[in-house]
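Worksheet: the structure to be examined is printed underneath.
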Amino acid sequence: MITLDGVSKVYRTRSGRRTVLDNVNVTFESGHNFGVLGVNGVGKSTLIRLIAGSEIPDFGVVRRYARVSFPLGFGGTFHGALSGRENVAFIARIYGAGIRGVLHYVEEFSELGEYLYMPVNTYSAGMRAKLAFATCLALDFDLYLIDEVTEVGDQHFRQKCAEAFRERMQRSDIILVTHNIHTLRQYCDRGAILANGELTLFDDIGTALSRYHRMVQESL
Amino acid sequence: MSDIGQIRQSVIGAASAGDLEECLVRLRRSDIPDPERAWIYCQLSETLYHKGNCDVAVECARSAFDLQPEKEEIANLCAWVFSNCGKHEDAAAAYERLLAIRPHWAAGHRHASGSFAAAGRLDRAISHGMKASDLDPYSFEFAFHAACLLEAVGRPAQAADYLMRAAALDPADSGVLRHLSATLFALEQGEQAVALALRAVALAPSDRLNALHATELLLRTNRYDEAAAIILDVIDIHREDPVALRLLSATQMLRGLIEDALAAIDCALALTPEAAEYHLHRANLLYRLGRLDEAAEAFGRAAALDPSNPDAKRSQLTVYFDSGRFIEALAIGGELIRTSPDNEEYAQAVLQVLHRRFEMLDGDYVVLSERPLRRPRDLRPRPTIFAALQTQLRVIYALMIRETRTRLADSKLGYGWALLEPVLHILMLSLVFAVMMRGRPPIGDKFFIFYYTGIIPYHLFVHASSSMTNAITSSGPLLQLPLVSTFDVIMARGLVEVLTDIVVAIILLAGFFAVGLGLLPHDLPALSASVVAVSLFGCGIGFVNAVINAFFKSWDKIWAQLTRTLYFCSGIFYVPGMMPDWIRDILAWNPILHAVDWFRSSFFPEYEPHWLDRSYLAIVAVVSVAAGLCLERGLRRHLYEPL
């Protein structure tokens, strides 16, 4: 369960101040998967980072009653000069997980083979994504934050990811940001709409989607 | 003359006897002068008209008019016959002829105007109508007639002038007031228009047209409740008036009484079930009530009754779409596209339906088969302070390992440089000063150890403070990890530097022993204290530097220059005692000088400089650490831009 208590976040951009969240009080209940909807640039990624704790709110508190993952789909933490294994070991160490077990899982899952011993900046974008995915799955989080995962890898790997997630969702929750409605419906049972600094939760992803459709059409 | 009289007698006689052919033949054959013949044609025409034989009467009148057009009586009679027989063009020509003779004949202008209007030539009709009213400004009818024509062709400003003339002549005529109200509304004088419309209603309360007009104006000026009062009165009198009922429905809709509006339009449709517009209106009401299925049906009726209007069908598509009946929506969309294949909006609407349909299919399919069910998990307690501290230590440890690994991986030399740098410094200084000082260092008898005691504290400070300067700017991606804070990355760097330098110092000392030039410190606690103090100072300044560098990106270059000057001010390759007092007093402000002397004095028992102030270094170190930590803590949100 994640509770946002009076959370405000304002961004200063070149075009002036932009309010992402304005005194938001919501609770993401555990046992549910949330899909976050919002137009481009409204601050969905910022919301995810606030929930993760990568960013600190201007006001208010984010209370986490669960082990929250780092935002997945983000391979930026990998250091290019270090090998895949060293990078994985670093993250395992940070989260206090058994390095050996995590490395074993990543080796199995990512299918990167000998590449794991090579510096990450020799990897293709797809390989980096595979490594990030595998690392995130190797660590046993209660809540996975997924920010616009572009479909990675080949058909086989994608299927593997989907299966692993389905298995993991037996005991873990996800908060998902994506524009792919198919994915949203597949993984999420609840929805959230972020607009004008307000975050509205819906008990049903269908309601959230149709409300969002209507909202987008009205703004056109 | 008698001859002519006879002919006229026989002609009229034949005409009255009904022998028309005979009579016309006689008239044509007979050798009569034109004026007389025209006159006979005239009389014949009049007789025939009274007998009801309009066609021939008009023929005769035309013949008469052709023969003697300038005769006033003939033109007069012809005009009369023409206009009564519906030959308005001819009548207009006759009146114009008459007006050429009597230009100031107001009634004539009025007649001409009427004929032209009936013949459809409104411009001529208007000019004659205006002339008539201008010639006789006291005629109510002339003014009203001109105004109606002007209103019909959309010249409301002039129409208003004539209507005001008419209203002045008969202030009690509600019809004039209604027309004046309409023209004023067209001239955007809404207030006055409504006032006049209400006066017309007050003058003739039972007049249906006045009431309908007033209602419409009130609706257009957003006075819905007054409109409702008037239209309800009308419906009390005219119970079966579909137009009034349609207006009532509009009124109730605008007042937000959608149910009442629906009841009214239902009554109207019971009277005129074929009115397409009424069905359209009813469909919109049903849509607003959320009765989507009925709305769709009503739109369908409207579309069937008026196939030329595609809006009804387009609306029907929207209703089907909103109620999730995608198959029907697609059928309607197909019809729309077939009738107007170039309409982009229709194509997009259909596309939207298709998209939504696919989404719904996906959703249903997934919901049924794939989404796992699970129970809400127990809440994890929030970490205690102890656990949080443990996590932070773990993170710093992980960062330190990463830092050393990175350093190994980044350059070929890797950690070699950490060892090589002080060695090169010491060797260089030893070589230079061995020559200058003729083989003896300022203190003790070992060059290497003397320079070693200068370089090690200096490097402890410089390495820590410089390396921490870049800590935030070079670990942007790392900071995306929720557990990693700016404090952690700065601290980790500082610790790595300090530990590296300490290890290097120990290795070097061991190296000196190995080559037989070693010297053990005589005061180990003092040595440790000086190392701790200078490391703290380096880390404190490192924190300050990291914060400054986050805002001012080239600070690291400036800092590198500053440390280079420190090299010469810190007594590394000399003893401050060698300096004049005043220079030494200035140099004594430099905390690193104290660090070097403190470190040095723990090696050489004979070296106990009086200017050495250990507490100064300790206080500066503690203050710098406090300042650095406060800055980091206070500005944490602004230290880096998230990706």
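Quick note on naming: the chains in the structure tokens go A, B, ... in the order shown, residues restart at 1 in each chain, and ligands are numbered from 1 in order of appearance.
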
TODO: Pull out every residue of chain A that has at least one atom within 6 Å of chain B, counting only C-alpha atoms, and report them as a list in words.
DONE: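 So the residues of chain A near chain B are Ser30, Gly31, Ala52, Gly53, Ser54, Tyr65, Ala66, Phe70, Gly76, Thr77, Phe90, Arg93, Ile94, Arg185 and Gln186 of chain A.
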
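DSSP annotation of segment 59-113 of chain A from backbone atoms: alpha helix (DSSP H) residues are A:Gly84, A:Arg85, A:Glu86, A:Asn87, A:Val88, A:Ala89, A:Phe90, A:Ile91, A:Ala92, A:Arg93, A:Ile94, A:Ile99, A:Arg100, A:Gly101, A:Val102, A:Leu103, A:His104, A:Tyr105, A:Val106, A:Glu107, A:Glu108, A:Phe109, A:Ser110.
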
May I have the selected residues written with N, CA and C atoms, as a compact mmCIF listing (two decimals), in the first residue's frame?
# COMPACT_ATOMS: atom_id res chain seq x y z
N GLY A 84 27.98 -6.33 -17.11
CA GLY A 84 26.60 -6.58 -16.72
C GLY A 84 26.53 -7.17 -15.31
N ARG A 85 27.39 -8.11 -15.02
CA ARG A 85 27.38 -8.76 -13.70
C ARG A 85 27.66 -7.75 -12.59
N GLU A 86 28.66 -6.88 -12.81
CA GLU A 86 29.01 -5.92 -11.78
C GLU A 86 27.85 -4.97 -11.52
N ASN A 87 27.20 -4.56 -12.61
CA ASN A 87 26.04 -3.68 -12.45
C ASN A 87 24.92 -4.35 -11.67
N VAL A 88 24.66 -5.60 -12.03
CA VAL A 88 23.60 -6.34 -11.33
C VAL A 88 23.97 -6.50 -9.85
N ALA A 89 25.25 -6.81 -9.60
CA ALA A 89 25.70 -7.00 -8.22
C ALA A 89 25.51 -5.71 -7.43
N PHE A 90 25.78 -4.58 -8.07
CA PHE A 90 25.61 -3.29 -7.41
C PHE A 90 24.16 -3.10 -6.94
N ILE A 91 23.23 -3.35 -7.86
CA ILE A 91 21.83 -3.16 -7.51
C ILE A 91 21.40 -4.15 -6.42
N ALA A 92 21.89 -5.37 -6.55
CA ALA A 92 21.56 -6.38 -5.53
C ALA A 92 22.08 -5.93 -4.17
N ARG A 93 23.29 -5.37 -4.17
CA ARG A 93 23.88 -4.91 -2.92
C ARG A 93 23.04 -3.78 -2.33
N ILE A 94 22.64 -2.85 -3.17
CA ILE A 94 21.85 -1.71 -2.70
C ILE A 94 20.57 -2.19 -2.03
N ILE A 99 23.63 -11.58 -3.62
CA ILE A 99 24.19 -11.29 -4.94
C ILE A 99 24.21 -12.53 -5.81
N ARG A 100 24.58 -13.64 -5.21
CA ARG A 100 24.71 -14.87 -5.98
C ARG A 100 23.36 -15.29 -6.60
N GLY A 101 22.32 -15.23 -5.76
CA GLY A 101 21.00 -15.63 -6.24
C GLY A 101 20.51 -14.72 -7.35
N VAL A 102 20.71 -13.43 -7.15
CA VAL A 102 20.25 -12.47 -8.16
C VAL A 102 20.99 -12.70 -9.47
N LEU A 103 22.31 -12.87 -9.38
CA LEU A 103 23.09 -13.08 -10.60
C LEU A 103 22.64 -14.33 -11.33
N HIS A 104 22.35 -15.36 -10.55
CA HIS A 104 21.91 -16.61 -11.16
C HIS A 104 20.61 -16.40 -11.93
N TYR A 105 19.67 -15.72 -11.26
CA TYR A 105 18.38 -15.48 -11.90
C TYR A 105 18.57 -14.68 -13.19
N VAL A 106 19.39 -13.60 -13.09
CA VAL A 106 19.59 -12.75 -14.26
C VAL A 106 20.23 -13.54 -15.40
N GLU A 107 21.19 -14.39 -15.07
CA GLU A 107 21.82 -15.18 -16.10
C GLU A 107 20.80 -16.07 -16.82
N GLU A 108 19.95 -16.69 -16.01
CA GLU A 108 18.92 -17.57 -16.56
C GLU A 108 17.94 -16.78 -17.42
N PHE A 109 17.49 -15.66 -16.87
CA PHE A 109 16.36 -14.99 -17.49
C PHE A 109 16.77 -14.16 -18.71
N SER A 110 17.86 -13.43 -18.57
CA SER A 110 18.19 -12.46 -19.63
C SER A 110 18.74 -13.14 -20.87

Open item on the list: Report, in Å with one decimal, the straight-line distance from atom CA of Leu289 of chain B to atom CA of Ala244 of chain B.
Closed with: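 Pair atom CA of Leu289 of chain B / atom CA of Ala244 of chain B returns 22.6 Å.
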
Open item on the list: List as a PyMOL selection string the protein and nucleic acid residues near segment 584-593 of chain B, meaning an atom at most 7 Å away when only C-alpha atoms are counted, but skip any in the same chain fewer than 3 places from it.
Closed with: chain B and resi 458+569-571+576+579-581+596-597+617

Task: Given only C-alpha atoms as the counted atoms, nearest of A:Asp58, A:Asp142, A:Asp5, A:Glu114 to Arg171 of chain A - done: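 Closest to Arg171 of chain A, using only C-alpha atoms: A:Asp142.
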
TODO: Pick out the residues sitting within 9 Å of Asp293 of chain B, and hand them over as a list in words; count only C-alpha atoms, and ignore anything fewer than 4 positions along from it in its own chain.
DONE: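 Listing them by chain and then by number gives Leu286, Tyr287, Glu297, Ala298, Val319, Tyr320 and Ser323 of chain B.
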
Task: Near-segment 116-122 of chain A list (8 Å; only C-alpha atoms; drop same-chain fewer than 3 positions) as a PyMOL selection string - done: chain A and resi 78-85+107+112-113+128

TODO: Take atom CA of Gln348 of chain B and atom CA of Arg282 of chain B and report the distance between them in Å, one decimal.
DONE: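 Computed distance, atom CA of Gln348 of chain B to atom CA of Arg282 of chain B, equals 26.4 Å.
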
Task: Test item: residues at most 8 Å from Ser8 of chain A, only C-alpha atoms, excluding those fewer than 6 positions along its chain, as a list in words - done: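 Those residues are Thr19, Val20, Leu21, Asp22, Asn23, Val24, Pro57, Asp58, Phe59 and Gly60 of chain A.
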
TODO: Excluding Val234 of chain B and any residue of its chain fewer than 4 positions from it, enumerate the residues within 8 Å of it, using only C-alpha atoms, and give them as an NGL selection string.
DONE: :B and (206 or 208 or 211-212 or 230 or 238-239 or 244)

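Atom CA of Lys71 of chain B is positioned 28.8 Å from atom CA of Glu141 of chain B.
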